[in-house]
Amino acid sequence: MLCQGNRPVMTHSRRAGVLALALCWLSQDAAADRYSVRKLVGPGPFHGVHGLAFGPDGGLYAADIAGSSIHRVALATGRHRVVVGPPLGNADDLAFGPAASVSADTMVWSGISVGKLFAKTGHGKPRLIASNMPGINAVGFAPDGMLYVTQSGRSNKALWRVDLSGQQAPEKLWEGGGLNGFVITPAGDLYAPEAALGRVVRLDLNSLELTVLADGFKLPTAVALDPHGNLLVLDFDAGTVTQVDLDTGARVLLASIEPGLDNMTVGPPDSALANKLYISSIGANGIYELDLDTRALRSVVAGHLTAPGGVAVVGTGNRTRIYVADMYSLRVVNRATGAVTTLIPISAAGAYPTSVSHGRWQGREVLLTASWFTGRIQLIAPDDGAVLREEQGFAAPYAVLMLADGSWLVAEAGAAKLTRVSPDGARETWADGFELPVGLALAPAAGRSVYVTDAEAGTITGFDLATGARRQVADGFKQAEGVAVLADGSLAVVDSAARKVYRVDAATGRKRAIATRIPVGLQAPGSQPRAWVFNGIAAATDGMLYLPTDRNAGLVALRPEVPGAGATQHDFDEFLAGWAGDYDNSAQVRRQQATGRPANERNNAMTLYIRRVDLPAFGEHVYYGEWRDGIDASNLVRQRIYVFELDAELGIRLNLHVWPADNAEFVVRTRGAHLDTTKLAGVTPADMFGLVGCDVFFHKTRDGFAGSMRKGACAFPAPGGEDKTVYSWSQMKRTPSQFSYLDGWYNVDGSPYRRFAVDWNVFDKIR
């Protein structure tokens, strides 16, 4: 936003200018309604890999709980195919009956989310073996073909012997510390971890005598026997594989990989894979192969996200960070490259985030996560993942927002209400009468409105935060989940059951699809909520929308289609090569005087000085601009920091930083920096008034460059205390000899708010 002084102002007016800029505004509005979908991350192979087992065909089979599916994986290529799909494929662990036994060619698996045990023989259909087994976890066969199953839930910790035919009820053999991935020897010894106790035990299946073999692990989740009879122990939280000598108890660390390792299996005996260990990773959403002789580790298959749900966008330009609530972990995605890093890794004590939002708390940027799995809300530092505050005991919280007064607004789906949490932790019901409230979004206009999606009712409800006034914005959605407020006040809403993203007019409720056939709406297992994985959406200041796609463990960007967008590195270099210098508009002012234009309709005479400066806190390509009165050069008009970035898709991005109007000392200290740039030493974005959403995007033209702000992106409160939001829209041009701009302010409906320049402000480059 290029404005007079250190405050936004408008100058000049003529009916033709109003009409021309209004038409530009309307044409931009039409363009903003067209979106293209671009894959940013993924798709991934699974939704977190759990149990592993080799089948009689020599193939490796993998269990995918969140995806409710079982896959066969080709070890050489990592390619995979679904052999049992949703909903019956909900599997935590799986096993195959031994060859030459009564259970040969039979695969069994534990439906941990539904408390059921399933089996499938050969090419037959899945069948139910046992039900009403909450917390069912590990499954495995003894060499004689007898099937054993464990429960490891909070109140159900037991070992069962199960009749594979289903003719007899399961027999409970033992109750104890919660056995996980186990192995059984021909002698009748069952080796297993007791994860919660951090130890590995041997259970004699004949006498049921328990012996502790090794302890001190963080969270052991599976064991296996290598070809030499050594016990291998997998530690979920430590991310390690340890070899334990059963005779001496001596330990050897074989591999340190990453947290979130869930299960493992050794290659089939008497095969080329007999010395290979295959390890499932929930964190990496993949499978590793460990050579037990050489300890060489390779990735068989992996993804970048696991079961992505909620999303938040923080920052502008290439500094934009996309935070993704990835069911087990909190991830950060680079918007330029799609590279994924982990801010908070998976752990047994993790928050298992459903959604993520951002706000300001005690003067700093923070993230907030909600988890319907654990009932927790966490306040998180976005740089290092430190948990700054945590509140527990919510009823399936799906979303949380930080309000201006520091309180939180929580969508408690389990209680069908919105709860307000004060800074001191006190809670009160703020609104109720919902069926399944899951999505929250705060309007940018001084935070006065909040929107709530109801996945069960298929509605969007709006609230005035000051008065609590409630109104239904829109209905008729199959399953409304994520919601984001766009710069023009409209809403972007994810309808996961319809696999569509809608743009909704917040005033009229009219909606239209802006993206279809989006891979969202992962099927919920059993009696889990319809919004099993929350499908969130977030809007960036440049109009981009970001949407995790839970069906394929990916992330897509929805880009507003704007004609002429995009730039190359050559364009970027050319633009910057001519940007610095001295400019004035004296020639334009003289022309206006010569034509007899009244003084109040002429442009103000000004001189502009632009200098390249080294301010790494802002970025790599940073410039300082100082505007002086063209008649009295001692009169400082305005100061700006210009930060340029190349966005191959959107163009050459200009990010503006404005001097704070309420810090006169800072203005005095830095004025004249075009003559002495050391006056800017140590200046950071925190010292400035950042214009969020007011980036200008340039593209190459025949005679230079042309740029403009995104329509409806540069929003700010109306001056003078008027209770409304207005929008700025600036256009710019740059040639080798001139820099020009034209400003306009508009209401939310696109009508002009204030007078604006009839003519472009044209500055000639004088040196």
# chains A, B, ... in the order shown; residues from 1 in each chain; ligands from 1
call {"tool": "select_by_dssp", "arguments": {"residues": "stretch 614-717 of chain A", "states": "alpha helix (DSSP H)", "output": "list in words"}}
result
Ala664, Glu665, Phe666, Val667, Val668, Arg669 and Thr670 of chain A
call {"tool": "residues_around", "arguments": {"residues": "A:Thr508", "least_positions_apart": "3", "cutoff": "9 Å", "atoms": "only C-alpha atoms", "output": "short mmCIF file (atom, residue, chain, number, x, y, z; two decimals) with all heavy atoms, in the first residue's frame"}}
result
data_model
loop_
_atom_site.label_atom_id
_atom_site.label_comp_id
_atom_site.auth_asym_id
_atom_site.auth_seq_id
_atom_site.Cartn_x
_atom_site.Cartn_y
_atom_site.Cartn_z
N VAL A 473 -25.21 -19.31 8.74
CA VAL A 473 -24.65 -18.73 7.53
C VAL A 473 -25.03 -19.56 6.31
O VAL A 473 -25.45 -19.03 5.29
CB VAL A 473 -23.11 -18.63 7.65
CG1 VAL A 473 -22.50 -18.16 6.33
CG2 VAL A 473 -22.74 -17.69 8.79
N ALA A 474 -24.88 -20.88 6.41
CA ALA A 474 -25.16 -21.76 5.26
C ALA A 474 -25.44 -23.16 5.77
O ALA A 474 -24.99 -23.56 6.85
CB ALA A 474 -23.98 -21.77 4.29
N VAL A 504 -18.06 -19.62 0.17
CA VAL A 504 -19.37 -19.27 0.71
C VAL A 504 -19.42 -17.78 0.99
O VAL A 504 -18.53 -17.23 1.65
CB VAL A 504 -19.65 -20.06 2.00
CG1 VAL A 504 -21.02 -19.69 2.56
CG2 VAL A 504 -19.55 -21.56 1.76
N ASP A 505 -20.45 -17.14 0.50
CA ASP A 505 -20.69 -15.74 0.81
C ASP A 505 -21.21 -15.68 2.25
O ASP A 505 -22.30 -16.18 2.54
CB ASP A 505 -21.71 -15.15 -0.16
CG ASP A 505 -21.89 -13.65 0.01
OD1 ASP A 505 -22.07 -13.20 1.16
OD2 ASP A 505 -21.88 -12.94 -1.00
N LYS A 511 -23.19 -20.50 -2.02
CA LYS A 511 -21.92 -21.22 -2.11
C LYS A 511 -21.75 -21.79 -3.51
O LYS A 511 -22.71 -22.08 -4.20
CB LYS A 511 -21.86 -22.35 -1.08
CG LYS A 511 -22.94 -23.43 -1.19
CD LYS A 511 -22.73 -24.48 -0.12
CE LYS A 511 -23.73 -25.62 -0.20
NZ LYS A 511 -25.07 -25.24 0.23
#
call {"tool": "residues_around", "arguments": {"residues": "A:Asn535", "least_positions_apart": "5", "cutoff": "7 Å", "atoms": "only C-alpha atoms", "output": "list of chain:residue names"}}
result
A:Gly309, A:Gly310, A:Glu481, A:Gly482, A:Val494, A:Ser496, A:Val520, A:Pro548
call {"tool": "select_by_dssp", "arguments": {"residues": "stretch 84-284 of chain A", "states": "strand (DSSP E)", "output": "number ranges by chain"}}
result
A: 84, 94-96, 106-111, 116-121, 127-130, 136-141, 147-152, 157-162, 171-175, 183-184, 189-194, 199-204, 210-215, 220-225, 231-235, 240-244, 251-256, 261-266, 276-281
call {"tool": "residues_around", "arguments": {"residues": "A:Ala396", "least_positions_apart": "3", "cutoff": "7 Å", "atoms": "only C-alpha atoms", "output": "PyMOL selection string"}}
result
chain A and resi 371-373+375+412-414
call {"tool": "write_last_selection", "arguments": {"atoms": "N, CA and C atoms", "output": "tab-separated table (two decimals), in the first residue's frame"}}
result
chain	number	residue	atom	x	y	z
A	371	SER	N	-6.63	-31.90	20.19
A	371	SER	CA	-6.62	-33.32	19.90
A	371	SER	C	-7.89	-33.98	20.44
A	372	TRP	N	-8.72	-34.45	19.52
A	372	TRP	CA	-9.91	-35.15	20.00
A	372	TRP	C	-9.55	-36.53	20.53
A	373	PHE	N	-8.39	-37.06	20.13
A	373	PHE	CA	-7.95	-38.36	20.64
A	373	PHE	C	-7.61	-38.30	22.12
A	375	GLY	N	-8.01	-35.35	24.18
A	375	GLY	CA	-8.75	-34.36	24.96
A	375	GLY	C	-7.90	-33.20	25.43
A	412	GLU	N	-15.73	-28.33	21.27
A	412	GLU	CA	-15.78	-29.62	21.96
A	412	GLU	C	-16.85	-30.49	21.30
A	413	ALA	N	-16.42	-31.30	20.35
A	413	ALA	CA	-17.38	-32.11	19.61
A	413	ALA	C	-18.06	-33.13	20.51
A	414	GLY	N	-17.31	-33.66	21.49
A	414	GLY	CA	-17.88	-34.66	22.38
A	414	GLY	C	-18.97	-34.12	23.27
call {"tool": "decode", "arguments": {"residues": "stretch 618-630 of chain A", "atoms": "all heavy atoms", "output": "CSV table (one decimal), in the first residue's frame"}}
result
chain,number,residue,atom,x,y,z
A,618,PHE,N,15.1,-9.3,7.4
A,618,PHE,CA,14.0,-9.2,6.5
A,618,PHE,C,14.1,-10.2,5.3
A,618,PHE,O,13.0,-10.5,4.7
A,618,PHE,CB,13.9,-7.8,5.9
A,618,PHE,CG,13.5,-6.7,6.9
A,618,PHE,CD1,14.5,-6.1,7.7
A,618,PHE,CD2,12.2,-6.3,7.0
A,618,PHE,CE1,14.1,-5.1,8.6
A,618,PHE,CE2,11.8,-5.4,7.9
A,618,PHE,CZ,12.8,-4.7,8.7
A,619,GLY,N,15.3,-10.6,5.0
A,619,GLY,CA,15.4,-11.4,3.8
A,619,GLY,C,16.7,-11.1,3.1
A,619,GLY,O,17.6,-10.4,3.6
A,620,GLU,N,16.8,-11.6,1.9
A,620,GLU,CA,18.1,-11.5,1.1
A,620,GLU,C,18.1,-10.2,0.2
A,620,GLU,O,19.1,-9.5,0.1
A,620,GLU,CB,18.3,-12.7,0.2
A,620,GLU,CG,19.5,-12.6,-0.6
A,620,GLU,CD,19.7,-13.9,-1.5
A,620,GLU,OE1,18.9,-14.8,-1.4
A,620,GLU,OE2,20.7,-13.9,-2.2
A,621,HIS,N,16.9,-9.9,-0.4
A,621,HIS,CA,16.9,-8.8,-1.3
A,621,HIS,C,16.0,-7.7,-0.7
A,621,HIS,O,14.8,-7.6,-0.8
A,621,HIS,CB,16.2,-9.2,-2.6
A,621,HIS,CG,16.9,-10.4,-3.2
A,621,HIS,ND1,18.2,-10.3,-3.9
A,621,HIS,CD2,16.6,-11.7,-3.3
A,621,HIS,CE1,18.6,-11.5,-4.3
A,621,HIS,NE2,17.6,-12.3,-4.0
A,622,VAL,N,16.7,-6.8,0.0
A,622,VAL,CA,16.1,-5.8,0.9
A,622,VAL,C,16.5,-4.4,0.4
A,622,VAL,O,17.7,-4.1,0.2
A,622,VAL,CB,16.4,-6.0,2.4
A,622,VAL,CG1,15.6,-5.0,3.2
A,622,VAL,CG2,16.1,-7.4,2.8
A,623,TYR,N,15.5,-3.5,0.3
A,623,TYR,CA,15.8,-2.1,-0.1
A,623,TYR,C,15.1,-1.1,0.8
A,623,TYR,O,14.0,-1.4,1.4
A,623,TYR,CB,15.3,-1.9,-1.5
A,623,TYR,CG,16.0,-2.6,-2.6
A,623,TYR,CD1,15.8,-4.0,-2.8
A,623,TYR,CD2,17.0,-2.0,-3.4
A,623,TYR,CE1,16.5,-4.7,-3.7
A,623,TYR,CE2,17.7,-2.7,-4.3
A,623,TYR,CZ,17.4,-4.1,-4.5
A,623,TYR,OH,18.1,-4.8,-5.4
A,624,TYR,N,15.7,0.0,1.0
A,624,TYR,CA,15.1,1.1,1.8
A,624,TYR,C,14.7,2.2,0.9
A,624,TYR,O,15.4,2.6,-0.1
A,624,TYR,CB,16.2,1.7,2.8
A,624,TYR,CG,15.8,2.9,3.5
A,624,TYR,CD1,14.8,2.9,4.5
A,624,TYR,CD2,16.4,4.2,3.1
A,624,TYR,CE1,14.5,4.1,5.1
A,624,TYR,CE2,16.0,5.3,3.8
A,624,TYR,CZ,15.1,5.3,4.8
A,624,TYR,OH,14.7,6.5,5.4
A,625,GLY,N,13.5,2.7,1.1
A,625,GLY,CA,12.9,3.8,0.4
A,625,GLY,C,12.6,5.0,1.3
A,625,GLY,O,11.9,4.9,2.3
A,626,GLU,N,13.1,6.2,0.9
A,626,GLU,CA,12.8,7.4,1.7
A,626,GLU,C,12.2,8.4,0.7
A,626,GLU,O,12.8,8.8,-0.3
A,626,GLU,CB,14.0,7.9,2.3
A,626,GLU,CG,13.7,9.2,3.2
A,626,GLU,CD,14.9,9.5,4.2
A,626,GLU,OE1,15.3,8.5,4.8
A,626,GLU,OE2,15.3,10.6,4.2
A,627,TRP,N,11.0,9.0,1.1
A,627,TRP,CA,10.3,9.9,0.3
A,627,TRP,C,10.4,11.3,0.9
A,627,TRP,O,10.2,11.5,2.1
A,627,TRP,CB,8.8,9.6,0.2
A,627,TRP,CG,8.5,8.2,-0.3
A,627,TRP,CD1,8.8,7.0,0.3
A,627,TRP,CD2,7.9,7.8,-1.6
A,627,TRP,NE1,8.4,5.9,-0.5
A,627,TRP,CE2,7.8,6.4,-1.6
A,627,TRP,CE3,7.3,8.6,-2.6
A,627,TRP,CZ2,7.2,5.8,-2.7
A,627,TRP,CZ3,6.8,7.9,-3.7
A,627,TRP,CH2,6.7,6.5,-3.7
A,628,ARG,N,10.8,12.3,0.1
A,628,ARG,CA,11.0,13.7,0.5
A,628,ARG,C,10.1,14.6,-0.3
A,628,ARG,O,9.8,14.3,-1.5
A,628,ARG,CB,12.4,14.1,0.4
A,628,ARG,CG,13.4,13.3,1.3
A,628,ARG,CD,13.5,14.0,2.6
A,628,ARG,NE,14.4,13.2,3.5
A,628,ARG,CZ,14.9,13.8,4.6
A,628,ARG,NH1,14.7,15.0,4.9
A,628,ARG,NH2,15.7,13.1,5.4
A,629,ASP,N,9.7,15.7,0.4
A,629,ASP,CA,8.9,16.7,-0.3
A,629,ASP,C,9.7,17.2,-1.5
A,629,ASP,O,10.9,17.6,-1.3
A,629,ASP,CB,8.5,17.8,0.7
A,629,ASP,CG,7.5,18.7,0.1
A,629,ASP,OD1,7.8,19.4,-0.9
A,629,ASP,OD2,6.4,18.8,0.7
A,630,GLY,N,9.1,17.3,-2.7
A,630,GLY,CA,9.8,17.8,-3.8
A,630,GLY,C,10.0,19.3,-3.8
A,630,GLY,O,10.9,19.8,-4.6
